[in-house]
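The structure appears below as structure tokens.
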Amino acid sequence: MWKTKIKLLHPLLCPAIILALQSCATPPDPLADFKAHTPTTIMEAPAPGNKVLAAYPVAQVEQGKYLVELLGCGSCHTDGALIGMPNSARRLAGSRVGIAYSNPLLVKNPGVLYAPNLTPDVNTGIGAWSDTELLNMIRHGVDRHGNRGLAVMPFPAYTRLKDADAGAIVAYLRSLDPVSHQVPANVAEGRKAREMYIHFGVYSNKH
């Protein structure tokens, strides 16, 4: 009799059991497609090049180096630093690991920015920029073509840099040995990034 009752009730119990199991199931992990990283946030800025150092006062260049280290420029502008594997040969020479500026958890293909080369290489860095153009980028996030950059770079915090400090940063960047390193082009939201990127500072897409 007991077995018969169970058999008769089984079709009614199945939907309830299934719903209960579904409600107890582990929800999908929104970070399943991402890998956690520990970025490199403290880096020594590269030393000025001997050939170009003579063009700038030593004290000004040293002040610029100090400020670049203090502001953590190398954390984004050094290849591999964003994922904890900085390439010492490319310090301040730009990153092939990008930074998502829209939320990858909400947008399938987020917009991605790749920090540019800050060494004075003419073709891939700042070698063709004027001092005024560099100052505008540092303080206002405006590039040499008049385009305002995204606040991924915290330029709003740099607007109050004193003239002497901003000039020291420019002198220091000018004094570096040029490194030829072309970073990927920025990716607009909705387009698929072909290179690795991070978001929230600690996760990268599984490329």
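We label chains A, B, ... in the order they appear in the structure tokens, count residues from 1 in each chain, and number ligands from 1 in the order shown.
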
Fill in: Ala115 (chain A) environment, 12 Å, only C-alpha atoms, sequence neighbours closer than 4 positions dropped, as a ChimeraX atom specification
/A:73-82,91-100,124-125,149-153,181-186,197-198

Item to complete: Using DSSP on the backbone coordinates, identify the residues of region 132-199 of chain A assigned to alpha helix (DSSP H); present them as a ChimeraX atom specification.
Response: /A:132-140,163-175

Write the residues of the preceding selection, restricted to N, CA and C atoms, as a CSV table (one decimal), in the first residue's frame.
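Final output, saved to result_39.csv:
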```csv
chain,number,residue,atom,x,y,z
A,132,THR,N,53.4,72.1,-24.4
A,132,THR,CA,52.0,72.5,-24.1
A,132,THR,C,51.0,71.4,-24.2
A,133,GLU,N,51.2,70.5,-25.3
A,133,GLU,CA,50.3,69.4,-25.5
A,133,GLU,C,50.4,68.4,-24.3
A,134,LEU,N,51.6,68.2,-23.8
A,134,LEU,CA,51.8,67.3,-22.7
A,134,LEU,C,51.2,67.8,-21.4
A,135,LEU,N,51.3,69.1,-21.2
A,135,LEU,CA,50.7,69.8,-20.0
A,135,LEU,C,49.2,69.7,-20.1
A,136,ASN,N,48.6,69.8,-21.3
A,136,ASN,CA,47.2,69.7,-21.4
A,136,ASN,C,46.7,68.3,-21.1
A,137,MET,N,47.5,67.3,-21.5
A,137,MET,CA,47.1,66.0,-21.3
A,137,MET,C,47.2,65.6,-19.8
A,138,ILE,N,48.3,66.1,-19.2
A,138,ILE,CA,48.4,65.8,-17.7
A,138,ILE,C,47.4,66.4,-16.9
A,139,ARG,N,47.1,67.7,-17.2
A,139,ARG,CA,46.2,68.5,-16.3
A,139,ARG,C,44.7,68.4,-16.7
A,140,HIS,N,44.5,68.2,-18.0
A,140,HIS,CA,43.1,68.3,-18.4
A,140,HIS,C,42.6,67.1,-19.2
A,163,ASP,N,52.6,74.9,-11.5
A,163,ASP,CA,53.3,74.9,-12.8
A,163,ASP,C,54.6,74.3,-12.7
A,164,ALA,N,55.3,74.5,-11.6
A,164,ALA,CA,56.7,73.9,-11.5
A,164,ALA,C,56.6,72.4,-11.4
A,165,ASP,N,55.6,71.8,-10.8
A,165,ASP,CA,55.5,70.4,-10.7
A,165,ASP,C,55.1,69.8,-12.0
A,166,ALA,N,54.1,70.4,-12.7
A,166,ALA,CA,53.7,69.9,-14.0
A,166,ALA,C,54.9,70.0,-15.0
A,167,GLY,N,55.6,71.1,-14.9
A,167,GLY,CA,56.8,71.2,-15.8
A,167,GLY,C,57.8,70.2,-15.5
A,168,ALA,N,58.0,69.8,-14.2
A,168,ALA,CA,59.0,68.8,-13.8
A,168,ALA,C,58.6,67.5,-14.4
A,169,ILE,N,57.3,67.1,-14.4
A,169,ILE,CA,56.9,65.9,-15.0
A,169,ILE,C,57.2,65.8,-16.5
A,170,VAL,N,56.9,66.9,-17.2
A,170,VAL,CA,57.2,67.0,-18.6
A,170,VAL,C,58.7,66.8,-18.8
A,171,ALA,N,59.5,67.5,-18.1
A,171,ALA,CA,61.0,67.4,-18.2
A,171,ALA,C,61.5,66.0,-18.0
A,172,TYR,N,60.9,65.4,-17.0
A,172,TYR,CA,61.3,64.0,-16.7
A,172,TYR,C,61.0,63.1,-17.8
A,173,LEU,N,59.7,63.2,-18.3
A,173,LEU,CA,59.3,62.3,-19.4
A,173,LEU,C,60.2,62.5,-20.7
A,174,ARG,N,60.5,63.8,-20.9
A,174,ARG,CA,61.4,64.1,-22.0
A,174,ARG,C,62.8,63.5,-21.9
A,175,SER,N,63.2,63.4,-20.6
A,175,SER,CA,64.6,62.9,-20.4
A,175,SER,C,64.8,61.4,-20.5
```

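In this model, the gap between CA of Gly111 (chain A) and CA of Thr159 (chain A) comes to 25.0 Å.
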
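The smallest atom-to-atom distance between Val61 (chain A) and any of A:Ala157, A:Leu113, A:Ala47, A:Met196, using only C-alpha atoms, is found for A:Ala47.
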
Fill in: Neighbour list for Gly127 (chain A) as a PyMOL selection string, cut-off 10 Å, only C-alpha atoms, skip fewer than 5 positions in-chain
chain A and resi 117-122+173-174+178

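A straight line drawn from CA of Val112 (chain A) to CA of Val187 (chain A) is 4.9 Å long.
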
Worksheet item: What is the CA of Val142 (chain A) to CA of Glu69 (chain A) distance in Å?
Response: 22.0 Å
